[in-house]
Every structure is written in structure tokens, then in C-alpha cells.
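K.L.:
The structure follows.
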Amino acid sequence: MGTLSDYLDPRAKEIKDSLTHFMLNHSSIEPRKPYDEIWYMSPEGDRYYAELDKVGMKMQTYLSECYGNFYSMLLPLLEDQPEDVLSKISKSKEVITRTIEHKLSFCENTKQALQIALEAFEDQLKTIKDICEE
């Protein structure tokens with residue numbers, strides 16, 4: 001019987017590869033335009049993602065499902081974890097989810113947004129592997 005890592009690693013690789021393809025080939029972040037009448041700004045950002053084409057929308061749906069399934073597999077491991085661990089996992093989940101869903105962002109471009117999301121995902125994976133080793 002394989003370890004949890006053996007089970008999660010291929011799924012994590014699929015998510016990282018798909019997210020990279022999605023962000024670099026189907027996404028773009030719109031710059032703020034000085035002539036826009038209204039600028040929206042929130043704690044999450046002040047830049048918009050451009051609308052997705054049909055393939056981009058399908059990729060977005062696929063990624064949402066993949067990451068949702070992946071995260072739901074982690075939930076049993078998070079039971080009885082300290083608040084700092086839960087907070088770290090929750091924050092990284094929010095970064096990843098907001099990137100997939102193309103919510104407002106402070107990122108200048110999709111490469112920057114992708115890098116931040118991949119770092120959050122790697123932090124999540126490391127935290128889960130640390131939990132499993134305990």
C-alpha cells in the first residue's frame with residue numbers, strides 16, 4: 001500500500017501543470033486605466049482579469065473541480081490541528097481559489113499571480129506532508 005504522498009503527488013502535479021497552462025495561455029490581467037470612471041479596490045486587489053474564452057472557461061471549471069477535490073481529501077488530515085496550521089492552510093486555499101476564479105488581484109500580470117498561487121500551493125503541500133510525518 002502506498003503512502004499519502006504517493007497518492008497526492010500526481011494530483012498535485014496535475015493541478016500545478018494545469019494551473020500554469022491556464023494562467024499563461026488563457027488568462028490576462030487588465031491594467032488600470034486612468035480614464036476609467038470607477039475604480040474598484042478591495043483588500044484582495046484592484047486589478048481585473050480579462051474575460052476568458054471558451055477553452056479558458058473549461059480550464060477554469062476543470063481546475064476548480066480538481067483543486068476542490070484535492071482540498072477535500074486534505075480535510076480529514078486537518079482535524080485536531082493547531083489554529084496556526086489551519087490558518088496557514090486557509091490562507092493558501094484562498095490565494096489558490098481566488099487565482100483560479102479570477103477574482104480581483106493586486107498582481108501586475110498573470111505570471112506574478114501564477115507564481116504567488118504556486119507558492120501558496122507548495123506551502124500547502126509542505127504543511128500536509130509535515131502533518132503526515134508527525
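Ordered as shown in the C-alpha cells, chains take letters A, B, and onward, while each chain numbers its residues from 1 and ligands are numbered from 1 in the order shown.
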Out of chain A, which residues get strand (DSSP E) from DSSP, as JSON, numbers by chain?

P.N.:
{"A": [29, 30, 48, 49]}

K.L.:
Near A:Val55, within 10 Å and counting only C-alpha atoms, which residues show up once chain neighbours fewer than 5 positions away are dropped, as JSON, numbers by chain?

P.N.:
{"A": [22, 25, 26, 60, 61]}

K.L.:
Find the residues around A:Ser18 up to 10 Å (only C-alpha atoms counted), leave out those fewer than 5 positions away in its own chain, and share them as a PDB file with all heavy atoms, in the first residue's frame.

P.N.:
```
ATOM      1  N   ALA A  12      -1.231  16.653  -7.262  1.00  0.00           N
ATOM      2  CA  ALA A  12      -0.640  17.986  -7.091  1.00  0.00           C
ATOM      3  C   ALA A  12       0.071  18.421  -8.371  1.00  0.00           C
ATOM      4  O   ALA A  12      -0.053  19.577  -8.791  1.00  0.00           O
ATOM      5  CB  ALA A  12       0.329  17.981  -5.915  1.00  0.00           C
ATOM      6  N   LYS A  13       0.789  17.509  -9.002  1.00  0.00           N
ATOM      7  CA  LYS A  13       1.476  17.831 -10.256  1.00  0.00           C
ATOM      8  C   LYS A  13       0.464  18.209 -11.331  1.00  0.00           C
ATOM      9  O   LYS A  13       0.665  19.183 -12.072  1.00  0.00           O
ATOM     10  CB  LYS A  13       2.336  16.659 -10.728  1.00  0.00           C
ATOM     11  CG  LYS A  13       3.107  16.982 -12.003  1.00  0.00           C
ATOM     12  CD  LYS A  13       3.934  15.816 -12.466  1.00  0.00           C
ATOM     13  CE  LYS A  13       4.729  16.058 -13.717  1.00  0.00           C
ATOM     14  NZ  LYS A  13       4.310  17.060 -14.651  1.00  0.00           N
ATOM     15  N   MET A  23      -3.047  29.833 -16.603  1.00  0.00           N
ATOM     16  CA  MET A  23      -2.651  31.218 -16.328  1.00  0.00           C
ATOM     17  C   MET A  23      -1.795  31.810 -17.448  1.00  0.00           C
ATOM     18  O   MET A  23      -1.921  32.991 -17.768  1.00  0.00           O
ATOM     19  CB  MET A  23      -1.905  31.308 -14.999  1.00  0.00           C
ATOM     20  CG  MET A  23      -2.771  31.020 -13.788  1.00  0.00           C
ATOM     21  SD  MET A  23      -4.136  32.165 -13.580  1.00  0.00           S
ATOM     22  CE  MET A  23      -3.240  33.640 -13.098  1.00  0.00           C
ATOM     23  N   LEU A  24      -0.939  31.008 -18.058  1.00  0.00           N
ATOM     24  CA  LEU A  24      -0.038  31.540 -19.082  1.00  0.00           C
ATOM     25  C   LEU A  24      -0.657  31.587 -20.472  1.00  0.00           C
ATOM     26  O   LEU A  24      -0.231  32.386 -21.316  1.00  0.00           O
ATOM     27  CB  LEU A  24       1.261  30.736 -19.119  1.00  0.00           C
ATOM     28  CG  LEU A  24       2.100  30.785 -17.849  1.00  0.00           C
ATOM     29  CD1 LEU A  24       3.370  29.958 -18.019  1.00  0.00           C
ATOM     30  CD2 LEU A  24       2.428  32.214 -17.444  1.00  0.00           C
ATOM     31  N   MET A  59     -11.149  25.251 -18.800  1.00  0.00           N
ATOM     32  CA  MET A  59      -9.974  25.011 -17.946  1.00  0.00           C
ATOM     33  C   MET A  59     -10.251  25.483 -16.521  1.00  0.00           C
ATOM     34  O   MET A  59      -9.875  24.819 -15.558  1.00  0.00           O
ATOM     35  CB  MET A  59      -8.751  25.759 -18.494  1.00  0.00           C
ATOM     36  CG  MET A  59      -8.101  25.174 -19.712  1.00  0.00           C
ATOM     37  SD  MET A  59      -7.115  23.707 -19.386  1.00  0.00           S
ATOM     38  CE  MET A  59      -6.000  24.233 -18.122  1.00  0.00           C
ATOM     39  N   GLN A  60     -10.895  26.631 -16.391  1.00  0.00           N
ATOM     40  CA  GLN A  60     -11.212  27.179 -15.078  1.00  0.00           C
ATOM     41  C   GLN A  60     -12.129  26.230 -14.307  1.00  0.00           C
ATOM     42  O   GLN A  60     -11.903  25.953 -13.129  1.00  0.00           O
ATOM     43  CB  GLN A  60     -11.871  28.553 -15.230  1.00  0.00           C
ATOM     44  CG  GLN A  60     -12.134  29.250 -13.926  1.00  0.00           C
ATOM     45  CD  GLN A  60     -12.798  30.601 -14.148  1.00  0.00           C
ATOM     46  OE1 GLN A  60     -13.735  30.717 -14.935  1.00  0.00           O
ATOM     47  NE2 GLN A  60     -12.290  31.616 -13.470  1.00  0.00           N
ATOM     48  N   TYR A  62     -12.467  22.978 -14.816  1.00  0.00           N
ATOM     49  CA  TYR A  62     -11.681  21.783 -14.527  1.00  0.00           C
ATOM     50  C   TYR A  62     -10.778  22.010 -13.311  1.00  0.00           C
ATOM     51  O   TYR A  62     -10.724  21.175 -12.394  1.00  0.00           O
ATOM     52  CB  TYR A  62     -10.850  21.402 -15.758  1.00  0.00           C
ATOM     53  CG  TYR A  62      -9.857  20.307 -15.496  1.00  0.00           C
ATOM     54  CD1 TYR A  62     -10.274  18.980 -15.394  1.00  0.00           C
ATOM     55  CD2 TYR A  62      -8.502  20.587 -15.347  1.00  0.00           C
ATOM     56  CE1 TYR A  62      -9.360  17.967 -15.144  1.00  0.00           C
ATOM     57  CE2 TYR A  62      -7.589  19.582 -15.094  1.00  0.00           C
ATOM     58  CZ  TYR A  62      -8.023  18.276 -14.991  1.00  0.00           C
ATOM     59  OH  TYR A  62      -7.112  17.276 -14.741  1.00  0.00           O
ATOM     60  N   LEU A  63     -10.088  23.142 -13.288  1.00  0.00           N
ATOM     61  CA  LEU A  63      -9.200  23.450 -12.166  1.00  0.00           C
ATOM     62  C   LEU A  63      -9.963  23.605 -10.861  1.00  0.00           C
ATOM     63  O   LEU A  63      -9.510  23.138  -9.813  1.00  0.00           O
ATOM     64  CB  LEU A  63      -8.416  24.734 -12.448  1.00  0.00           C
ATOM     65  CG  LEU A  63      -7.114  24.559 -13.198  1.00  0.00           C
ATOM     66  CD1 LEU A  63      -6.609  25.895 -13.710  1.00  0.00           C
ATOM     67  CD2 LEU A  63      -6.078  23.894 -12.323  1.00  0.00           C
ATOM     68  N   CYS A  66     -10.810  20.073  -9.791  1.00  0.00           N
ATOM     69  CA  CYS A  66      -9.602  19.337  -9.369  1.00  0.00           C
ATOM     70  C   CYS A  66      -9.109  19.825  -8.014  1.00  0.00           C
ATOM     71  O   CYS A  66      -8.824  19.020  -7.128  1.00  0.00           O
ATOM     72  CB  CYS A  66      -8.481  19.510 -10.382  1.00  0.00           C
ATOM     73  SG  CYS A  66      -8.577  18.424 -11.780  1.00  0.00           S
TER      74      CYS A  66
END
```

K.L.:
Which residue gives the smallest distance to A:Ser5 among A:Ser64, A:Lys126, A:Glu134, A:Asn69, with only C-alpha atoms counted?

P.N.:
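Counting only C-alpha atoms, the residue closest to A:Ser5 is A:Lys126.
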
K.L.:
Provide the atom CA of A:Pro10 to atom CA of A:Leu75 distance in Å, to one decimal place.

P.N.:
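Pair atom CA of A:Pro10 / atom CA of A:Leu75 returns 18.3 Å.
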
K.L.:
Run DSSP on the backbone and give me the residues of stretch 25-112 of chain A it puts in alpha helix (DSSP H), as a count of residues only.

P.N.:
48

K.L.:
Which value, in Å to one decimal, gives the distance between atom CA of A:Gln124 and atom CA of A:Ile89?

P.N.:
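Those two atoms sit 5.9 Å apart.
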
K.L.:
To one decimal in Å, tell me the separation between atom CA of A:Leu52 and atom CA of A:Asp123.

P.N.:
27.8 Å

K.L.:
So that I can see what lies close to A:Thr127, please list as a list in words the residues with an atom at most 12 Å from it, counting only C-alpha atoms and leaving out residues fewer than 4 positions away in the same chain.

P.N.:
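Residues meeting the cut-off are Leu74, Leu77, Leu78, Gln81, Pro82, Asp84, Val85, Leu86, Ser87, Lys88, Ile89, Ser90, Ser92, Ala120, Phe121, Glu122, Asp123, Ile131, Cys132, Glu133 and Glu134 of chain A.
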
K.L.:
For those residues, write N, CA and C atoms to a file as a short mmCIF file (atom, residue, chain, number, x, y, z; two decimals), in the first residue's frame.

P.N.:
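The result, stored in selection.cif:
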```cif
data_model
loop_
_atom_site.label_atom_id
_atom_site.label_comp_id
_atom_site.auth_asym_id
_atom_site.auth_seq_id
_atom_site.Cartn_x
_atom_site.Cartn_y
_atom_site.Cartn_z
N LEU A 74 -7.78 16.61 1.82
CA LEU A 74 -6.91 17.06 2.91
C LEU A 74 -7.67 17.29 4.21
N LEU A 77 -7.14 15.25 7.37
CA LEU A 77 -5.82 15.43 7.97
C LEU A 77 -5.76 16.67 8.84
N LEU A 78 -6.66 17.61 8.58
CA LEU A 78 -6.63 18.88 9.29
C LEU A 78 -7.39 18.86 10.62
N GLN A 81 -5.85 19.91 14.25
CA GLN A 81 -4.59 20.64 14.03
C GLN A 81 -4.65 21.98 14.77
N PRO A 82 -3.50 22.51 15.17
CA PRO A 82 -3.47 23.81 15.86
C PRO A 82 -4.00 24.93 14.95
N ASP A 84 -2.79 27.79 14.15
CA ASP A 84 -1.85 28.38 13.20
C ASP A 84 -1.74 27.56 11.91
N VAL A 85 -1.82 26.23 12.04
CA VAL A 85 -1.79 25.36 10.86
C VAL A 85 -3.05 25.56 10.04
N LEU A 86 -4.20 25.60 10.71
CA LEU A 86 -5.47 25.79 10.00
C LEU A 86 -5.51 27.14 9.30
N SER A 87 -4.97 28.16 9.96
CA SER A 87 -4.95 29.49 9.38
C SER A 87 -4.06 29.53 8.13
N LYS A 88 -2.91 28.90 8.22
CA LYS A 88 -1.98 28.85 7.08
C LYS A 88 -2.61 28.14 5.89
N ILE A 89 -3.24 27.00 6.15
CA ILE A 89 -3.90 26.24 5.09
C ILE A 89 -5.04 27.05 4.48
N SER A 90 -5.81 27.70 5.34
CA SER A 90 -6.95 28.50 4.88
C SER A 90 -6.50 29.67 4.00
N SER A 92 -3.69 29.91 2.25
CA SER A 92 -3.18 29.42 0.98
C SER A 92 -4.32 28.96 0.07
N ALA A 120 1.76 29.36 -2.80
CA ALA A 120 0.73 29.01 -1.81
C ALA A 120 0.44 27.51 -1.85
N PHE A 121 0.39 26.95 -3.05
CA PHE A 121 0.12 25.52 -3.19
C PHE A 121 1.27 24.70 -2.62
N GLU A 122 2.51 25.11 -2.89
CA GLU A 122 3.67 24.41 -2.34
C GLU A 122 3.68 24.48 -0.82
N ASP A 123 3.33 25.64 -0.26
CA ASP A 123 3.24 25.78 1.20
C ASP A 123 2.19 24.81 1.76
N ILE A 131 2.43 17.33 8.50
CA ILE A 131 1.39 16.71 9.35
C ILE A 131 1.48 15.19 9.26
N CYS A 132 1.66 14.69 8.05
CA CYS A 132 1.72 13.23 7.86
C CYS A 132 2.95 12.61 8.52
N GLU A 133 4.04 13.36 8.60
CA GLU A 133 5.26 12.83 9.20
C GLU A 133 5.19 12.79 10.72
N GLU A 134 4.28 13.57 11.31
CA GLU A 134 4.19 13.61 12.78
C GLU A 134 3.66 12.32 13.36
#
```
